[in-house]
Structures are given as structure tokens and as C-alpha cells.
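Each remark here refers to the structure printed beneath this line.
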Amino acid sequence: MSATRVRVGLLGCGNVGGALAEVLLADRERIARRTGTDLELRAVAVRDIARPRPAALPADLLTLDAGAVVSDPGVDLVVEVMGGIEPARSLVLAALGAGKPVVTANKELLASCGAELWGAAARAGRDLLFEAAVAGGVPLIRPLRESLAGERIRRVLGIVNGTTNYILSGMAESGATYAEALAEAQQLGLAEADPTADVEGFDAAAKAAIIANVAFGAGVVAGEVDREGIASIGPDDITAARRLGFAIKLLAVVEEIDGAIAARVHPAMVPLTHPLASVRGSFNAVFVEGATVGDLMFLGRGAGGAPSASAVLGDLLDAAHNLSVGGSGRTPALAALPRRPIEDLVGAYYLTLDVVDRPGVLHAVSGVLGAHSVSVRSMEQEGADEGARLVFVTHPACERDVQACLRELHGLDAVRRIGGLIRVVDQ
Ligand SMILES: NC(=O)c1ccc[n+]([C@@H]2O[C@H](COP(=O)([O-])OP(=O)(O)OC[C@H]3O[C@@H](n4cnc5c(N)ncnc54)[C@H](OP(=O)(O)O)[C@@H]3O)[C@@H](O)[C@H]2O)c1
């Protein structure tokens, strides 16, 4: 039986687009044989024709006119791997409006305009697929949308940013400072020259918003995700964490509590016995807790052109098949679920205080904690420059009370510095 030909318009030919073009050009026959879909790369839009491209890419496929690729009657399906909001948003809407399915890897776009774009896809009866937008090459979105479509998901915990995981695991393994581990990641090309989007948690927050929409149908946008980065984590925190039985990870956490959705990104103390604690280097992993299925973990390469292109290719074949039979898969059904503010969260906390080393200080600090109903599960005291460092792990406490404690502790003259306040993941 001959394969069904589907003509692909590619918007963007950088890390992801270039890797996808290479696979489509090199593996076309194998893919057609295996899947029954013959993917023909028809046109490729870029910003600068002169930039180097994959050697096998015929120069006459390149164009500066992305709009013309979308409206070309010879293009059946559009892949958007340009990045950014505009013109990507308008191009995706134009493609869907013209009845062409779209595959995108653009987390920023989906995390801010997902509802509009999925609505357009549903109206057009066409796919808008986005496996590569969260955790790159790791299959996560399809399992959430399909295998777990009816599952009551309780919580998703994700290491969804490889750069920060590389930095934090480097600090844990070599004793490097944050600045040293960041510089190494930059040298290896794992962190941008301006690392803000990664280290301040913006990238992970966009992915948390997408997870909230796919796993919970929550209608969350990136700006609503509570966000804290890793720049304040020091080698002392990493050492203390390990001694206490934890690894520090930047987590995207999305959970449903009493019908309300909490979505946040912050460094977290992950028990060493939890599968996420052993995820090293630039790997991504997403841990899903379902009421019926129990615990699941998805692990793999969360970034990089080739792993992400693999996820785009899977989507492309799915969308091409659906197009050839005249339909589409499911689009996320979003409802504006109530939000649970971070102040209402209840959990354990790791807290370090640098204090003056004199009698009565511990009593004063304990008094403040007790006055705000924050009880201590463990406390260590160690010498710190001409003073003492107190390291606490609390019993579960309300974030609002913990923050009130911190404000009051700031006011104690015996407290020189409040160091890390890191949320502890329960298991
Ligand atoms: N890189 C990863 O590991 C990864 C992983 C998962 C998801 N993603 C997502 O995938 C998307 C692409 O990432 P990337 O790393 O491949 O980006 P990239 O290397 O910067 O490539 C972007 C491509 O889009 C083209 N482009 C940008 N604006 C354009 C415009 N207005 N008209 C025509 N072409 C335009 C660029 O053209 P020129 O080449 O001429 O400049 C370039 O080829 C982003 O949304 C990103 O978040 C990336």
C-alpha cells in the first residue's frame, strides 16, 4: 500500500527546526514505510537566508516569507518552531483558519495564548499539537492527554528545566558555588549568556502553566504561576540538604487541592528516596501522581534540537494521520478553575538563620516560630563566621504563617541574616 503524502511547511530552522529538517530529509523513506505517511518538506521560513543550514536542505526551500508558507496551497500542515509570541501567534491562527493542523514547540506562546489557540484549533477541527513544548524529547503531553485522559491527577512535580538541574546537580556533586556551576553550564552551551529565563524560573513557569492546562484543564497562564529561581541557593544549603536526607531541585509543581489549582515553580527539598532526587545533569523528569494509576515518572532529554525534533516528529505524524482521515485529536478543554494562592499552601520548610552566638538567641527564635504555629521537626546548630547558623526543618505549616515568622525574625537584632527558605516535598 502506498504511503499518504503530507506536505509540511516549517516555520523556523534553528536548533529544533534544523534537527527536524535533517530527520525529514534523511529518513523520509523509512518513516513512510513504518508509518504509512510520507512527510514531504515543502518550504522553510527563516529570518536570514545566509545563515548555515543542514547540508541536505535544498536552498530553494528557504524563504523569508513565513506568511506565504502558511497560505501556500501546496502546504498541508505547518510546524512552528520560531519561538516568541508574534508573529508565531498570528501564523498559527492563520494556519488553523485555513484548515491546516499545526505542530509547535513554542512553550512561551502556549503558556500565554493557549486558550485562544486551542479554541481556534477546536473550531477548525484541526490538531494543534505541542509535545516538545514541555520537557523537550520526553513524551509527557500525549500520555497526559490520552492515556491519562480520565485519570484524576492529584499532583505533577516536574524537573522541567535542564539548565537549572545541571547547575544544582553540579553544585551537589562538585561542591561548586552557584556562580561556578552557572559558568560551567554556559561554557558547555547548556545555559544562555543571559540565563535569566532559566535560573529565575520563567521557562519552568511557562511549562507549569501548560501542564496545569493539560493535566487539570485549569486555564492557567504563565504569569499566574508563583515563581522563585535558584540564584540564592548556596553550597551550604546543598550540603545541609544532603545531611538531612534531601536533594535540592528546581520544581514545577501543579496540584489540585479541594477543587482549586496551585501552580508554582521554586527550589524544593526532595527526599533522597524520591525518584526525582536522583535525576542528574541536564535531564528532565516529570512525576505524576494519579488517584487511580498511582505514581508515574517520565524521564529523558528535556531540551536540545534533536530530542525536541523527535517529539515534533511524533506530533507531525499524528497530525498528518488525523488530517488524512479528516479529523483531529482532543484539544485541552479549559475551565477557569479557582486558584489556590501560595499563602494557603501547607507543607514543611527548610530554613537557615545566621545569628549572633549568645545565650537566649535560640529561645527568642523558637518563640517567634511558636507564636506563628510553626513547629520544628529538626534543628541543627553549627558555627558560622563569628556567630552560629541555625538550620531548621519544620513540621507542616501554612505558608502565610511561615512568611509572617520571617518578617518577625528579620526584626530580631540577634538575627544577622535569613538564609534559605526552601519548601520540602512530602512523599
Ligand atoms: N532549543 C531547544 O532545546 C528547545 C526545546 C524545546 C522547545 N523549544 C522551543 O522551540 C522553539 C524554537 O527553538 P530553537 O531553539 O530552535 O530556536 P532558534 O534556534 O532560535 O531558531 C528559531 C528559528 O526561527 C527563525 N525565525 C525566528 N523568527 C522568525 C520570523 N519572524 N520569520 C521567519 N523565521 C523566523 C529563525 O531564523 P534564523 O535562523 O534565520 O535566525 C530560526 O531559524 C522555541 O519556541 C523554543 O522555546 C526549544
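In the C-alpha cells, chains take the letters A, B, ... in the order shown, each chain's residues start at 1, and ligands count up from 1 in the order shown.
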
>> At a cut-off of 6 Å around ligand 1, and using only C-alpha atoms and all ligand atoms, what residues come up? Please write them as number ranges by chain.
In response: A: 11-17, 45-48, 64, 66, 81-83, 87, 105-107, 132-133, 136, 303-305, 308

Residues from last step as file, C-alpha atoms, as a short mmCIF file (atom, residue, chain, number, x, y, z; two decimals), in the first residue's frame:
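In the end it all went to result.cif:
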```cif
data_model
loop_
_atom_site.label_atom_id
_atom_site.label_comp_id
_atom_site.auth_asym_id
_atom_site.auth_seq_id
_atom_site.Cartn_x
_atom_site.Cartn_y
_atom_site.Cartn_z
CA LEU A 11 8.47 27.97 10.26
CA GLY A 12 11.97 28.27 11.76
CA CYS A 13 15.12 26.30 11.07
CA GLY A 14 17.26 26.81 14.18
CA ASN A 15 18.05 24.22 16.86
CA VAL A 16 14.75 22.37 16.66
CA GLY A 17 13.72 23.19 13.09
CA ALA A 45 10.77 30.07 6.62
CA VAL A 46 13.74 31.76 8.32
CA ARG A 47 14.85 35.31 9.15
CA ASP A 48 18.25 35.21 7.48
CA LEU A 64 11.87 34.88 4.36
CA ALA A 66 6.57 32.84 6.77
CA VAL A 81 9.48 26.33 15.72
CA MET A 82 10.31 30.04 15.52
CA GLY A 83 9.68 30.87 19.15
CA PRO A 87 4.42 36.59 14.57
CA ALA A 105 7.34 23.52 20.30
CA ASN A 106 6.67 27.06 21.50
CA LYS A 107 6.05 26.97 25.28
CA ALA A 132 8.06 19.34 22.51
CA ALA A 133 6.88 22.43 24.43
CA GLY A 136 11.55 18.50 25.02
CA ALA A 303 15.99 20.13 25.60
CA GLY A 304 18.31 20.16 22.62
CA GLY A 305 17.47 20.29 18.95
CA SER A 308 12.88 18.12 20.70
#
```

>> Applying 8 Å and only C-alpha atoms, which residues near range 212-222 of chain A remain after dropping the ones on its own chain fewer than 4 positions away? List them as an MDAnalysis selection string.
In response: chainID A and resid 111:115 141 144:145 153 205:208 254 256 261 263 332:337

> Out of A:Leu412, A:Ile418, A:Val70, A:Ala122, which residue has the shortest atom-to-atom distance to Gly327 in chain A when counting only C-alpha atoms?
Replying inline: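 Ranked by minimum distance to Gly327 in chain A, first place goes to A:Ala122.
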
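From CA of Arg227 in chain A back to CA of Ala185 in chain A, the distance works out to 21.8 Å.
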
>> I want to know what sits within 8 Å of range 276-283 of chain A, based on only C-alpha atoms, with residues of the same chain fewer than 2 positions away left out; could you give that as a ChimeraX atom specification?
In response: /A:159,161-167,169-170,190,246-249,270-274,285-287,299-302

The selected residues should be written to file as a compact mmCIF listing (two decimals), in the first residue's frame (atoms: C-alpha atoms).
```txt
# COMPACT_ATOMS: atom_id res chain seq x y z
CA ILE A 159 12.17 18.94 36.80
CA ASN A 161 14.45 22.92 33.09
CA GLY A 162 17.69 21.13 32.23
CA THR A 163 19.90 24.18 32.80
CA THR A 164 18.91 24.61 36.44
CA ASN A 165 19.07 20.87 37.07
CA TYR A 166 22.57 20.83 35.62
CA ILE A 167 23.60 23.72 37.89
CA SER A 169 23.37 18.73 40.48
CA GLY A 170 26.79 20.18 39.60
CA LEU A 190 23.69 24.43 28.48
CA PHE A 246 17.32 15.78 50.67
CA ALA A 247 18.44 16.94 47.22
CA ILE A 248 17.61 20.49 46.14
CA LYS A 249 15.79 20.65 42.79
CA VAL A 270 13.27 16.49 47.56
CA PRO A 271 13.74 13.45 49.84
CA LEU A 272 16.69 11.36 48.60
CA THR A 273 14.35 8.38 48.46
CA HIS A 274 12.09 10.15 45.92
CA ALA A 285 11.79 14.26 34.74
CA VAL A 286 8.12 14.66 35.47
CA PHE A 287 6.48 12.76 38.33
CA LEU A 299 12.45 10.89 32.24
CA GLY A 300 14.71 11.97 29.40
CA ARG A 301 16.33 14.78 27.44
CA GLY A 302 14.26 17.87 28.09
```

>> Counting only C-alpha atoms, which residue out of A:Ala94, A:Val160, A:Ala231, A:Ala50 sits closest to Ala179 in chain A?
In response: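 Smallest distance to Ala179 in chain A is found for A:Ala231.
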
>> When you look at Val288 in chain A with a cut-off of 8 Å (counting only C-alpha atoms), what residues show up, excluding the ones that are within fewer than 3 positions of it in the same chain? I need them as number ranges by chain.
In response: A: 153-157, 295-297
